[in-house]
Amino acid sequence: MSDPTFRVGVVGVGWAGQQHLAAYQALPNVEIVAIAGQEADMLASLGEQYGAPHLFESWEQLVELPDLDAVSIAVPNFLHAPIAVAALKRGLHVLSEKPLARNGIEGRQMVDAARSAGRVLDVAFNHRLRGDIQTLGGIIQSGELGRPYYAKASWMRRRGIPKIGSWFTNREMAGGGPLADIGVHVLDYALFLLGEPKVESVSAVTYAELGPRNIGGMKWETAQAKGGFEVEDFASAFIRLEGGGTLVLETSWAAFRNPTDLIDFSVLGTEGGAELRAVGATKAQVGDLHVYRDVDGEIADYQPSAEPGRAHAAVVENFVRLLGSPQEWPDNDGSQALRRAEVIDACYLSAAEKREVAVA
């Protein structure tokens, strides 16, 4: 018997939505039947490119389309929860861009809707699927480094504010700045690498030193808006983990540092340590990975090899695999992404109130 064909719709025609569309098109058992977006020219172009028979200006129309199986959400953060909840109530599976929502309250609404509907709610945490992170994860999980007790992780940009004055820098629309945008990726891959320890508390700081002065916009911007920067441009968090472990997280959209973006992770374990540096961040398909160990009292460091990651292609492929595995639906209700959102909430509260905050 042949595999079922899943009918999907994509909400959002920007960069993220285009990644979802390309990934769906590459799969033999997926039919792209609908796209929704407010940019009329881009909507028409993508509709023609991907052969989508239904094009809508509003997400509400797409969600109501009969015989749809799943929806990808690739729009500003403030729309994640309303679209996801409506889609799940219609019995559709949902793949959302990160973060899950603007905050844990909205995230909880999404998870509750997924559980009530008995449908998948997945989030595009594509960086945990990097080949170097998967390789390092296998090394840590094998026990080769012993028990990890201290880790540092970051995603740092020199000039990387997505667009000053856009929804990205509007607190009501985005929920936060780099901590919510790229910091949630760092939190996700770090907790994944450490074996998903429970976060007990956080102590965080946030700063907005460059963005409000229109410093730090991405190079491709032809002009920067005057004002309109309501979020942080740098954040750091000291995160206490169950069992006594510690994670230090840093993230910036704009900071006076090396001009080349960096994604990194380092860990100290009882039997060894490791460092991963992806200089160039997303442009570095494979980072520089080192493992530090002693064998019989002698230094036995080495550099593992890793395959390039497949980014959104891997995320979408796994989501579609889940659609065909009903037995896995209950364990893929967005709960893990919700825990990430609750940690980010605690970080913002800690920074605002200048105190350590427990994570429930």
# chains A, B, ... in the order shown; residues from 1 in each chain; ligands from 1
call {"tool": "closest_atom_pairs", "arguments": {"of": "segment 87-161 of chain A", "to": "segment 311-320 of chain A", "cutoff": "12 Å", "atoms": "only C-alpha atoms", "output": "tab-separated table"}}
result
residue	atom	partner	partner_atom	distance
A:His93	CA	A:Phe319	CA	9.2
A:Val94	CA	A:Phe319	CA	8.8
A:Leu95	CA	A:Phe319	CA	7.2
A:Ser96	CA	A:Val316	CA	10.4
A:Glu97	CA	A:His312	CA	10.0
A:Lys98	CA	A:His312	CA	11.8
A:Arg119	CA	A:Phe319	CA	11.6
A:Val120	CA	A:Phe319	CA	8.4
A:Leu121	CA	A:Phe319	CA	9.1
A:Asp122	CA	A:Phe319	CA	7.0
A:Val123	CA	A:Val315	CA	8.4
A:Ala124	CA	A:Val315	CA	6.1
A:Phe125	CA	A:Val315	CA	7.4
A:Asn126	CA	A:Ala311	CA	5.1
A:His127	CA	A:Ala311	CA	6.8
A:Arg128	CA	A:Ala311	CA	9.0
A:Leu129	CA	A:Ala311	CA	6.7
A:Arg130	CA	A:Ala311	CA	6.8
A:Gly131	CA	A:Ala311	CA	9.5
A:Ile133	CA	A:Ala311	CA	11.9
call {"tool": "residues_around", "arguments": {"residues": "Gly245 of chain A", "least_positions_apart": "3", "cutoff": "7 Å", "atoms": "only C-alpha atoms", "output": "PDB file with C-alpha atoms, in the first residue's frame"}}
result
ATOM      1  CA  TYR A 149      27.867  20.119  34.931  1.00  0.00           C
ATOM      2  CA  TYR A 150      28.622  23.455  33.270  1.00  0.00           C
ATOM      3  CA  ARG A 240      20.294  26.643  37.126  1.00  0.00           C
ATOM      4  CA  LEU A 241      19.454  23.086  36.089  1.00  0.00           C
ATOM      5  CA  GLU A 242      18.050  20.182  38.054  1.00  0.00           C
TER       6      GLU A 242
END
call {"tool": "residues_around", "arguments": {"residues": "Asn258 of chain A", "least_positions_apart": "6", "cutoff": "12 Å", "atoms": "only C-alpha atoms", "output": "list of chain:residue names"}}
result
A:Met156, A:Arg157, A:Arg158, A:Arg159, A:Val279, A:Gly280
call {"tool": "write_last_selection", "arguments": {"atoms": "all heavy atoms", "output": "PDB file, in the first residue's frame"}}
result
ATOM      1  N   MET A 156      25.689  35.175  18.701  1.00  0.00           N
ATOM      2  CA  MET A 156      26.062  36.581  18.784  1.00  0.00           C
ATOM      3  C   MET A 156      26.170  37.182  17.394  1.00  0.00           C
ATOM      4  O   MET A 156      26.802  36.619  16.495  1.00  0.00           O
ATOM      5  CB  MET A 156      27.393  36.723  19.520  1.00  0.00           C
ATOM      6  CG  MET A 156      27.371  36.184  20.947  1.00  0.00           C
ATOM      7  SD  MET A 156      26.354  37.175  22.056  1.00  0.00           S
ATOM      8  CE  MET A 156      27.395  38.633  22.206  1.00  0.00           C
ATOM      9  N   ARG A 157      25.575  38.356  17.233  1.00  0.00           N
ATOM     10  CA  ARG A 157      25.671  39.122  15.997  1.00  0.00           C
ATOM     11  C   ARG A 157      26.298  40.480  16.279  1.00  0.00           C
ATOM     12  O   ARG A 157      26.128  41.032  17.370  1.00  0.00           O
ATOM     13  CB  ARG A 157      24.286  39.349  15.377  1.00  0.00           C
ATOM     14  CG  ARG A 157      23.583  38.094  14.867  1.00  0.00           C
ATOM     15  CD  ARG A 157      22.194  38.448  14.388  1.00  0.00           C
ATOM     16  NE  ARG A 157      21.471  37.294  13.843  1.00  0.00           N
ATOM     17  CZ  ARG A 157      20.180  37.311  13.510  1.00  0.00           C
ATOM     18  NH1 ARG A 157      19.483  38.432  13.659  1.00  0.00           N
ATOM     19  NH2 ARG A 157      19.594  36.236  13.028  1.00  0.00           N
ATOM     20  N   ARG A 158      26.982  41.013  15.287  1.00  0.00           N
ATOM     21  CA  ARG A 158      27.527  42.372  15.372  1.00  0.00           C
ATOM     22  C   ARG A 158      26.490  43.366  14.869  1.00  0.00           C
ATOM     23  O   ARG A 158      26.204  44.374  15.522  1.00  0.00           O
ATOM     24  CB  ARG A 158      28.801  42.464  14.528  1.00  0.00           C
ATOM     25  CG  ARG A 158      29.358  43.887  14.320  1.00  0.00           C
ATOM     26  CD  ARG A 158      29.969  44.470  15.569  1.00  0.00           C
ATOM     27  NE  ARG A 158      30.589  45.775  15.286  1.00  0.00           N
ATOM     28  CZ  ARG A 158      31.871  45.951  14.991  1.00  0.00           C
ATOM     29  NH1 ARG A 158      32.671  44.899  14.901  1.00  0.00           N
ATOM     30  NH2 ARG A 158      32.349  47.150  14.787  1.00  0.00           N
ATOM     31  N   ARG A 159      25.961  43.101  13.668  1.00  0.00           N
ATOM     32  CA  ARG A 159      24.930  43.947  13.068  1.00  0.00           C
ATOM     33  C   ARG A 159      23.837  43.024  12.541  1.00  0.00           C
ATOM     34  O   ARG A 159      23.872  42.620  11.387  1.00  0.00           O
ATOM     35  CB  ARG A 159      25.516  44.786  11.936  1.00  0.00           C
ATOM     36  CG  ARG A 159      26.611  45.754  12.361  1.00  0.00           C
ATOM     37  CD  ARG A 159      27.194  46.508  11.173  1.00  0.00           C
ATOM     38  NE  ARG A 159      26.160  47.299  10.495  1.00  0.00           N
ATOM     39  CZ  ARG A 159      25.831  48.547  10.827  1.00  0.00           C
ATOM     40  NH1 ARG A 159      26.449  49.131  11.837  1.00  0.00           N
ATOM     41  NH2 ARG A 159      24.907  49.202  10.168  1.00  0.00           N
ATOM     42  N   VAL A 279      31.584  29.637  13.275  1.00  0.00           N
ATOM     43  CA  VAL A 279      31.914  31.008  12.921  1.00  0.00           C
ATOM     44  C   VAL A 279      31.232  31.337  11.598  1.00  0.00           C
ATOM     45  O   VAL A 279      31.463  30.682  10.593  1.00  0.00           O
ATOM     46  CB  VAL A 279      33.437  31.200  12.814  1.00  0.00           C
ATOM     47  CG1 VAL A 279      33.753  32.632  12.414  1.00  0.00           C
ATOM     48  CG2 VAL A 279      34.118  30.842  14.131  1.00  0.00           C
ATOM     49  N   GLY A 280      30.388  32.351  11.638  1.00  0.00           N
ATOM     50  CA  GLY A 280      29.540  32.634  10.494  1.00  0.00           C
ATOM     51  C   GLY A 280      28.103  32.234  10.756  1.00  0.00           C
ATOM     52  O   GLY A 280      27.215  32.484   9.945  1.00  0.00           O
TER      53      GLY A 280
END
call {"tool": "residues_around", "arguments": {"residues": "Asp288 of chain A", "least_positions_apart": "2", "cutoff": "12 Å", "atoms": "only C-alpha atoms", "output": "MDAnalysis selection string"}}
result
chainID A and resid 131:133 135:136 262:266 274:281 284:286 290:291 302:308
call {"tool": "closest_residue", "arguments": {"among": "A:Glu298, A:Asp233, A:Glu342, A:Glu356", "to": "Lys163 of chain A", "atoms": "only C-alpha atoms"}}
result
A:Asp233
call {"tool": "atom_distance", "arguments": {"atom1": "atom CA of Glu39 of chain A", "atom2": "atom CA of Glu172 of chain A"}}
result
21.8 Å
call {"tool": "residues_around", "arguments": {"residues": "Ile83 of chain A", "least_positions_apart": "6", "cutoff": "8 Å", "atoms": "only C-alpha atoms", "output": "NGL selection string"}}
result
:A and (59-60 or 63 or 73)
